[in-house]
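Reviewing the structure listed below.
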Amino acid sequence: MGRSLQKPRGTQDILPSEQRYWFWVEDTWREIMLAAGFGRIITPTFEDTDLFVRGVGETTDIVSKEIYSFKDRSGNAIALRPEGTAGVVRSYIENGMHKEPQPVKLYYFGSMFRYDRPQAGRYREFYQAGVELLGELDPIVDAQIIAIVMKFYAKLGLKDLTVQINSIGDAKSRPKIHRALIDFLSAHRRSLCEDCKRRMAKNPLRVLDCKEKSCQSVVDEAGGVVLDNLNTESKNYFTKVLEYLDDMGVEYELNPRLVRGLDYYTHTVFEVMTKTGGLSVGAGGRYDGLVKLLGGPDTPAVGFAVGVERTIELVKTQGVNVPEPMRPNVFVVQLGDEAKKKAILVIDQLDKAGYQVAHALGRGSIKSQLRVADRLGTNLAVIIGEREVHSKSVIIRDLTDGAQESIIDRDMLRTVQRKLKERKNR
RNA sequence: GUGGACGUAGCUCAACGGCAGAGCUCUCGGUUGUGGUCCGAGCGGUUGUGGGUUCGAAUCCCAUCGUCCACCCCA
């Protein structure tokens with residue numbers, strides 16, 4: 001056994017046997033996104049640390065406690081991306097996408113990094129499938145993004161999901177909300193837990209998602225305080241979003257306590273979770289200030305990110321019928337040196353005819369080769385021994401019932417074709 | 001970052017101070033050139049790592065790395 005080589009904490013090897021789930025999520029995501037007119041974007045896995053400090057927020061846990069940052073060999077401060085939005089926005093600005101017709105619709109799929117204590121569904125390198133729509137401020141696009149991601153989860157075959165939604169107001173209403181919230185919380189300071197007292201000073205909005213039992217009654221009311229203090233514009237905007245969702249037939253749950261851990265959110269925030277158990281599988285919201293904050297023109301935007309590992313976990317626990325991996329449809333068995341040479345030609349012939357051909361040329365006995373064929377789930381075998389070399393023929397064996405016949409070489413392809421067709425029709 | 005549980009064969013686990021085992025997987029066999037089921041054999045471990053206690057440690061103690069769980073936070 002190897003001694004000390006093991007993967008770094010919180011990382012994962014995603015092995016071939018797992019890939020059917022990853023393909024399922026990735027392919028479904030791509031199909032939904034392309035159909036909805038989003039274009040794929042690939043941005044760097046690492047960026048200047050400053051991008052995340054400014055974009056995500058210096059005081060957020062993600063940046064202050066969880067970021068992977070280091071100096072590269074030139075002494076530049078570099079960070080592995082902890083989320084996808086900041087990089088996409090940077091790219092939007094840097095590539096002049098604000099000069100293109102708006103909105104600009106982008107999607108991505110990639111790994112993110114957070115230095116956090118690993119737990120179920122939580123890794124230090126994890127994958128997110130994300131979508132961003134930049135350059136349009138209209139409640140209908142918020143609703144559309146929500147509709148699209150719900151369509152994605154539905155197409156995956158997931159049940160029992162709901163989207164919770166809330167508004168935390170635009171930038172202009174933020175100071176008023178903060179003040180009102182702090183006033184309210186101060187008045188109930190005695191009944192708050194220690195964490196909440198700390199959060200109150202740092203980021204009062206975060207008090208809202210405190211799970212401490214003793215805080216519940218206060219926090220429930222605090223959610224109302226936020227909504228009551230939205231300015232008219234924000235209130236109207238939120239109302240419209242909900243109306244559009246109703247019109248589109250998208251079910252949602254209002255959650256006045258829903259807030260997000262990243263500083264850049266404004267207006268609508270939402271999170272997709274299981275109805276039973278409240279496992280979060282994705283989250284998003286509007287971020288109208290971020291493009292400007294990162295040095296671009298004042299540009300509204302809205303986005304969402306799917307937690308891929310958690311989504312796959314749900315796909316498994318819900319027993320979703322995921323497409324099976326492709327099986328080879330014909331297996332070539334060889335016996336003896338001459339036969340091996342002929343097998344190479346036969347394999348090439350079948351391959352060119354478009355079949356998925358499998359073989360085990362490194363094995364000697366028919367027995368072990370057929371075992372491999374069986375394990376691969378192949379239904380048809382072409383067997384070539386010395387006898388077949390001399391008689392210019394092959395044996396074609398149906399592995400489902402064991403029936404086999406000797407076929408002269410020039411009829412090989414036609415017979416394979418016929419046999420596979422018969423199988424399909426059965 | 002805090003608290004707790006746990007690391008034995010590729011996988012799932014047993015042995016709980018006295019010879020490190022089973023099932024599954026894998027490899028090879030079960031006469032002339034034929035898979036799945038069945039039968040047999042074989043491969044595979046300095047018991048995560050490093051110390052300590054002991055005549056003797058997988059077993060007890062300490063450290064360390066890792067996994068899981070609950071916090072924190074989040075996807």
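Labels used: A, B, ... for chains in the order of the structure tokens, numbers from 1 for residues in each chain, and numbers from 1 for ligands as shown.
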
request  = Step one, run DSSP on the backbone; step two, keep only residues of segment 30-214 of chain A assigned to strand (DSSP E or B); then write them as JSON, numbers by chain.
outcome  = {"A": [39, 40, 46, 47, 48, 69, 70, 71, 77, 78, 79, 80, 104, 105, 106, 107, 108, 109, 110, 111, 112, 113, 119, 122, 125, 126, 127, 128, 129, 130, 131, 132, 133, 134, 161, 162, 163, 164, 165, 166, 167]}

Test item: chain B residues at most 10 Å from chain A, counting only C-alpha atoms (C1' of nucleotides), as a ChimeraX atom specification = /B:1,27-28,33-36,45,48-49,65-69,72-75

inquiry  = Please compute the atom CA of Ile42 of chain A-atom CA of Arg90 of chain A distance, one decimal, in Å.
reply    =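 So the answer is 12.0 Å.
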
message = For a quick check of understanding, using only C-alpha atoms, which of A:Ser17, A:Pro297, A:Lys172, A:Val382 has the smallest distance to Lys99 of chain A?
response =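 Residue with the minimum atom-to-atom distance to Lys99 of chain A: A:Pro297.
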
Backbone DSSP call of alpha helix (DSSP H) for segment 308-386 of chain A, listed as number ranges by chain = A: 308-317, 337-352, 366-376, 386

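Pairwise distance (atom CA of Leu181 of chain A, atom CA of Asn203 of chain A) equals 10.3 Å.
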
inquiry  = So that I can check the surroundings of segment 19-24 of chain B, please list as a VMD selection string every protein, DNA and RNA residue that reaches within 9 Å of it, counting only C-alpha atoms (C1' of nucleotides) and ignoring chain neighbours fewer than 2 positions away.
reply    = chain B and resid 8 11 to 15 45 47 58

Selection near A57 of chain B, 10 Å with only C-alpha atoms (C1' of nucleotides), sequence-local residues under 2 positions removed, as a list in words =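 Final neighbour list, sorted by chain and number: G17, G18, U53, U54, U59 and C60 of chain B.
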
task = Write out as a PyMOL selection string the residues lying within 12 Å of Thr239 of chain A, counting only C-alpha atoms (C1' of nucleotides) and excluding same-chain residues fewer than 5 positions away.
result = chain A and resi 138-140+142-143+165-167+169+227+230+232-234+244-246+254+267-268

query = Which residues, written as a ChimeraX atom specification, have at least one atom at most 10 Å from G10 of chain B, with only C-alpha atoms (C1' of nucleotides) counted and residues fewer than 5 positions away on the same chain left out?
reply = /B:25-26,44

File of the preceding selection, C-alpha atoms (C1' of nucleotides), as an mmCIF file, in the first residue's frame:
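Produced file out36.cif, reproduced below:
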```cif
data_model
loop_
_atom_site.group_PDB
_atom_site.id
_atom_site.type_symbol
_atom_site.label_atom_id
_atom_site.label_comp_id
_atom_site.auth_asym_id
_atom_site.auth_seq_id
_atom_site.Cartn_x
_atom_site.Cartn_y
_atom_site.Cartn_z
ATOM 1 C "C1'" U B 25 -14.543 -7.855 -5.905
ATOM 2 C "C1'" C B 26 -10.267 -9.320 -8.727
ATOM 3 C "C1'" G B 44 -4.308 -8.948 -1.571
#
```

Neighbours of Trp29 of chain A within 10 Å (only C-alpha atoms (C1' of nucleotides); same-chain residues fewer than 6 positions away dropped), as a compact mmCIF listing (two decimals) with N, CA and C atoms, in the first residue's frame?
```txt
# COMPACT_ATOMS: atom_id res chain seq x y z
N PHE A 23 -22.62 13.54 -15.74
CA PHE A 23 -23.09 13.81 -17.11
C PHE A 23 -24.55 14.25 -17.08
N ALA A 35 -30.99 26.22 -24.64
CA ALA A 35 -32.36 26.42 -25.14
C ALA A 35 -32.90 27.78 -24.72
N TYR A 107 -23.75 31.28 -18.96
CA TYR A 107 -23.80 30.21 -17.97
C TYR A 107 -22.43 29.55 -17.85
N TYR A 108 -22.19 28.86 -16.74
CA TYR A 108 -20.90 28.23 -16.53
C TYR A 108 -21.05 26.96 -15.70
N PHE A 109 -19.98 26.21 -15.66
CA PHE A 109 -19.92 25.00 -14.84
C PHE A 109 -18.47 24.84 -14.42
N ALA A 129 -22.90 24.92 -10.99
CA ALA A 129 -23.40 25.26 -12.32
C ALA A 129 -24.11 26.58 -12.14
N GLY A 130 -23.66 27.59 -12.86
CA GLY A 130 -24.20 28.92 -12.61
C GLY A 130 -24.77 29.57 -13.85
N VAL A 131 -25.59 30.58 -13.64
CA VAL A 131 -26.17 31.34 -14.74
C VAL A 131 -26.21 32.81 -14.32
N VAL A 149 -34.40 27.87 -13.65
CA VAL A 149 -33.69 26.93 -12.78
C VAL A 149 -34.66 25.87 -12.22
N LYS A 151 -37.13 24.73 -13.86
CA LYS A 151 -37.31 23.83 -15.00
C LYS A 151 -36.13 22.84 -15.06
N PHE A 152 -34.95 23.36 -14.77
CA PHE A 152 -33.77 22.50 -14.74
C PHE A 152 -33.91 21.39 -13.71
N TYR A 153 -34.28 21.74 -12.50
CA TYR A 153 -34.42 20.73 -11.45
C TYR A 153 -35.52 19.73 -11.81
N LYS A 155 -36.46 18.90 -14.85
CA LYS A 155 -35.99 18.05 -15.94
C LYS A 155 -35.01 16.99 -15.43
N LEU A 156 -34.29 17.34 -14.38
CA LEU A 156 -33.39 16.36 -13.77
C LEU A 156 -34.17 15.19 -13.18
N VAL A 306 -26.14 26.47 -8.96
CA VAL A 306 -26.56 25.14 -8.51
C VAL A 306 -25.41 24.50 -7.75
```
